[in-house]
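Novice: Have a look at this one before I ask anything.
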Amino acid sequence: MKDSRKVKRYLLNWIAVAVVMITTIVPATPAVSAATSKDNTTNTQLEESAPKRNKVAIIIDDFGNGMKGTDEMFSLPIKLTVAVMPFLPTSVKDATRAHERGDDVLVHLPMEPRQGNPKWLGPGAILAKMSDEEVRQKVEAALDNVPYAIGINNHMGSKITGDERIMAVILSVCKERGLFFVDSKTNYRSVAGNMAYRMGLPRVENHIFLDDTHTASHVLKQMGLVKDMAKDQRFCVTIGHVGVFGKETAAGIRSGVEQMKDSVEFIGISDLVKNEMKWSSHPTLP
């Protein structure tokens with residue numbers, strides 16, 4: 001009986017010592033208020049539940065000549081990238097209107113194609129026979145003519161975008177002015193993207209033409225391909241046009257936007273270059 005009491009007393013003493021040791025060694029866990037815990041949980045849940053929308057940059061080419069579809073494009077409920085041809089009757093007006101609407105502006109620089117009617121080029125075109133200095137003068141004049149331009153893309157140009165000498169001049173002007181070049185990919189052997197990358201510029205390329213067939217239904221179908229590509233690679237660059245069938249293109253884009261608005265974020269090309277390609281600059285505007 002005595003032995004039993006001794007064992008019991010011994011165990012109680014050992015437990016008391018253990019409690020003291022644990023209290024001393026293990027620090028108390030800071031108290032977290034219910035409000036703080038609830039707020040953190042709510043924020044985390046919101047972040048996890050918020051849908052991650054893929055990015056789409058729609059470039060509309062051939063502004064500058066009062067073409068059909070101009071008003072319809074400017075009435076679309078999304079941010080666009082407006083590519084304006086230089087030295088045409090509405091070049092300045094269209095660029096200014098786009099800027100005031102919050103759109104990005106590019107110089108839609110005419111460049112010699114491998115095939116095609118030279119009359120389609122318009123004024124200020126870059127030709128393969130030009131010297132480096134002539135090319136530089138043409139590019140700088142075009143940039144000075146189109147206000148608010150943050151970059152250049154090619155109008156036609158399948159011959160020039162495959163010419164390393166001339167593209168080196170064009171990209172050098174871009175780099176000097178803090179601009180970037182968007183390759184419309186009229187030439188699938190284009191050197192523009194690789195050269196831009198080597199020169200420290202972002203590699204920006206068109207992925208899908210929206211209106212290679214000139215109907216609203218085809219444009220809507222192409223918008224579906226844009227959505228799929230954006231899903232596969234997080235973003236997609238696509239090109240449409242004002243012109244003879246500009247209203248059809250605008251109608252197809254509008255229908256596509258309505259179908260895609262919950263899963264896609266429509267952004268300007270500058271947003272894409274900054275956020276997805278981690279490239280930023282301070283354009284020197286005229």
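In the structure tokens, chains take the letters A, B, ... in the order shown, each chain's residues start at 1, and ligands count up from 1 in the order shown.
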Which residues, written as a list in words, have at least one atom at most 8 Å from Asn187 (chain A), with only C-alpha atoms counted and residues fewer than 4 positions away on the same chain left out?
Specialist: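 Once the adjacent positions are removed, what remains is Gly157, Ser158, Lys159, Thr161 and Gly162 of chain A.
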Novice: Next, write the just-selected residues to a file, as a short mmCIF file (atom, residue, chain, number, x, y, z; two decimals), in the first residue's frame, keeping all heavy atoms as the atom set.
Specialist:
data_model
loop_
_atom_site.label_atom_id
_atom_site.label_comp_id
_atom_site.auth_asym_id
_atom_site.auth_seq_id
_atom_site.Cartn_x
_atom_site.Cartn_y
_atom_site.Cartn_z
N GLY A 157 4.56 43.69 -96.82
CA GLY A 157 5.91 43.54 -96.26
C GLY A 157 6.52 42.17 -96.25
O GLY A 157 7.53 41.94 -95.57
N SER A 158 5.95 41.22 -97.00
CA SER A 158 6.51 39.87 -96.95
C SER A 158 7.96 39.81 -97.44
O SER A 158 8.73 38.96 -97.01
CB SER A 158 5.63 38.92 -97.78
OG SER A 158 5.48 39.39 -99.11
N LYS A 159 8.33 40.73 -98.33
CA LYS A 159 9.72 40.77 -98.81
C LYS A 159 10.64 41.43 -97.79
O LYS A 159 11.74 40.94 -97.52
CB LYS A 159 9.80 41.53 -100.14
CG LYS A 159 11.17 41.47 -100.80
CD LYS A 159 11.12 42.07 -102.20
CE LYS A 159 12.46 41.91 -102.91
NZ LYS A 159 12.42 42.43 -104.31
N THR A 161 10.24 41.87 -94.42
CA THR A 161 10.40 41.20 -93.11
C THR A 161 11.32 39.98 -93.21
O THR A 161 11.72 39.42 -92.18
CB THR A 161 9.04 40.77 -92.52
OG1 THR A 161 8.33 39.96 -93.48
CG2 THR A 161 8.22 41.98 -92.14
N GLY A 162 11.67 39.58 -94.44
CA GLY A 162 12.65 38.53 -94.61
C GLY A 162 14.04 39.05 -94.93
O GLY A 162 14.96 38.27 -95.16
#
Novice: Please report, as a Markdown table, each residue of region 137-170 of chain A lying at most 12 Å from region 188-203 of chain A, together with the nearest pair of atoms and the separation in Å rounded to one decimal; use only C-alpha atoms, and order rows by chain and ascending residue number.
Specialist:
| residue | atom | partner | partner_atom | distance |
| --- | --- | --- | --- | --- |
| A:Gly151 | CA | A:Pro202 | CA | 11.1 |
| A:Ile152 | CA | A:Ala192 | CA | 11.7 |
| A:Asn153 | CA | A:Ala192 | CA | 10.5 |
| A:Asn154 | CA | A:Ala192 | CA | 10.4 |
| A:Gly157 | CA | A:Ser190 | CA | 9.7 |
| A:Ser158 | CA | A:Ser190 | CA | 7.6 |
| A:Lys159 | CA | A:Ser190 | CA | 8.6 |
| A:Ile160 | CA | A:Ser190 | CA | 8.5 |
| A:Thr161 | CA | A:Ser190 | CA | 5.1 |
| A:Gly162 | CA | A:Ser190 | CA | 4.6 |
| A:Asp163 | CA | A:Val191 | CA | 7.1 |
| A:Glu164 | CA | A:Val191 | CA | 6.6 |
| A:Arg165 | CA | A:Val191 | CA | 10.2 |
| A:Ile166 | CA | A:Ala192 | CA | 10.0 |
| A:Met167 | CA | A:Ala192 | CA | 6.5 |
| A:Ala168 | CA | A:Met195 | CA | 7.4 |
| A:Val169 | CA | A:Met195 | CA | 10.8 |
| A:Ile170 | CA | A:Ala192 | CA | 9.6 |
Novice: Identify which of the residues A:His214, A:Arg53, A:Arg254, A:Arg136 lies closest to Ile78 (chain A), counting only C-alpha atoms when measuring atom-to-atom distances.
Specialist: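 Of A:His214, A:Arg53, A:Arg254, A:Arg136, the one nearest Ile78 (chain A) is A:Arg254, counting only C-alpha atoms.
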Novice: Tell me, which residues of region 150-181 of chain A carry DSSP strand (DSSP E or B), written as a ChimeraX atom specification?
Specialist: /A:150-156,180-181
Novice: Write the residues of the selection above to a file with N, CA, C and O atoms, as a compact mmCIF listing (two decimals), in the first residue's frame.
Specialist:
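The result, written out as part-v5.txt:
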# COMPACT_ATOMS: atom_id res chain seq x y z
N ILE A 150 3.17 53.82 -80.30
CA ILE A 150 4.07 53.18 -79.34
C ILE A 150 4.84 52.03 -79.99
O ILE A 150 5.62 51.35 -79.33
N GLY A 151 4.60 51.82 -81.29
CA GLY A 151 5.29 50.75 -81.98
C GLY A 151 4.94 50.78 -83.46
O GLY A 151 4.25 51.67 -83.95
N ILE A 152 5.45 49.77 -84.17
CA ILE A 152 5.27 49.65 -85.61
C ILE A 152 4.79 48.23 -85.92
O ILE A 152 5.23 47.27 -85.27
N ASN A 153 3.90 48.10 -86.89
CA ASN A 153 3.69 46.79 -87.50
C ASN A 153 3.69 46.95 -89.01
O ASN A 153 3.61 48.07 -89.52
N ASN A 154 3.83 45.86 -89.73
CA ASN A 154 4.02 45.95 -91.17
C ASN A 154 2.71 45.85 -91.94
O ASN A 154 1.86 45.02 -91.65
N HIS A 155 2.59 46.74 -92.93
CA HIS A 155 1.51 46.66 -93.93
C HIS A 155 2.08 45.96 -95.15
O HIS A 155 3.03 46.45 -95.77
N MET A 156 1.53 44.79 -95.48
CA MET A 156 2.11 43.92 -96.51
C MET A 156 3.51 43.51 -96.01
O MET A 156 3.63 43.03 -94.89
N PHE A 180 8.45 49.15 -80.04
CA PHE A 180 8.63 47.75 -80.39
C PHE A 180 8.00 47.49 -81.75
O PHE A 180 7.24 48.31 -82.28
N PHE A 181 8.33 46.34 -82.32
CA PHE A 181 7.84 45.98 -83.65
C PHE A 181 6.95 44.75 -83.54
O PHE A 181 7.32 43.75 -82.92
Novice: May I ask for the distance between CA of Asp183 (chain A) and CA of Ile59 (chain A), given in Å to one decimal place?
Specialist: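 A separation of 11.4 Å between them.
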Novice: Figure out the distance between CA of Val237 (chain A) and CA of Leu106 (chain A), please, to one decimal in Å.
Specialist: 14.0 Å
Novice: For Ala95 (chain A), list every protein, DNA or RNA residue within 9 Å, evaluated using only C-alpha atoms, and leave out those in the same chain fewer than 6 positions away; present the list as a PyMOL selection string.
Specialist: chain A and resi 63-64+82-84+104-106+146-149
Novice: Here is a test: counting only C-alpha atoms, which residue of A:Lys138, A:Lys261, A:Lys68, A:Lys175 is nearest to Pro86 (chain A)?
Specialist: A:Lys138
Novice: Using only C-alpha atoms, which of A:Lys221, A:Val244, A:Ser75, A:Arg234 sits nearest Asn275 (chain A)?
Specialist: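 Looking at the shortest contact to Asn275 (chain A), the residue is A:Arg234.
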Novice: Could you tell me how far CA of Ile60 (chain A) sits from CA of His241 (chain A), in Å to one decimal place?
Specialist: 5.0 Å
Novice: Have a look at A:Gln233, A:Thr284, A:Ser91, A:Gln115 and name the one nearest to Asp62 (chain A); count only C-alpha atoms.
Specialist: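 Answer, going by the shortest atom-to-atom distance: A:Ser91.
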Novice: Using only C-alpha atoms, can you tell me which of A:Thr90, A:Ser217, A:Ser280, A:Asn145 comes closest to Ile253 (chain A)?
Specialist: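 The closest residue to Ile253 (chain A) is A:Ser217.
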Novice: Which residues, written as a ChimeraX atom specification, have at least one atom at most 12 Å from Phe266 (chain A), with only C-alpha atoms counted and residues fewer than 4 positions away on the same chain left out?
Specialist: /A:53-59,76-81,103,223,226-227,230,235-238,253-254,256-258,260-262,270-272
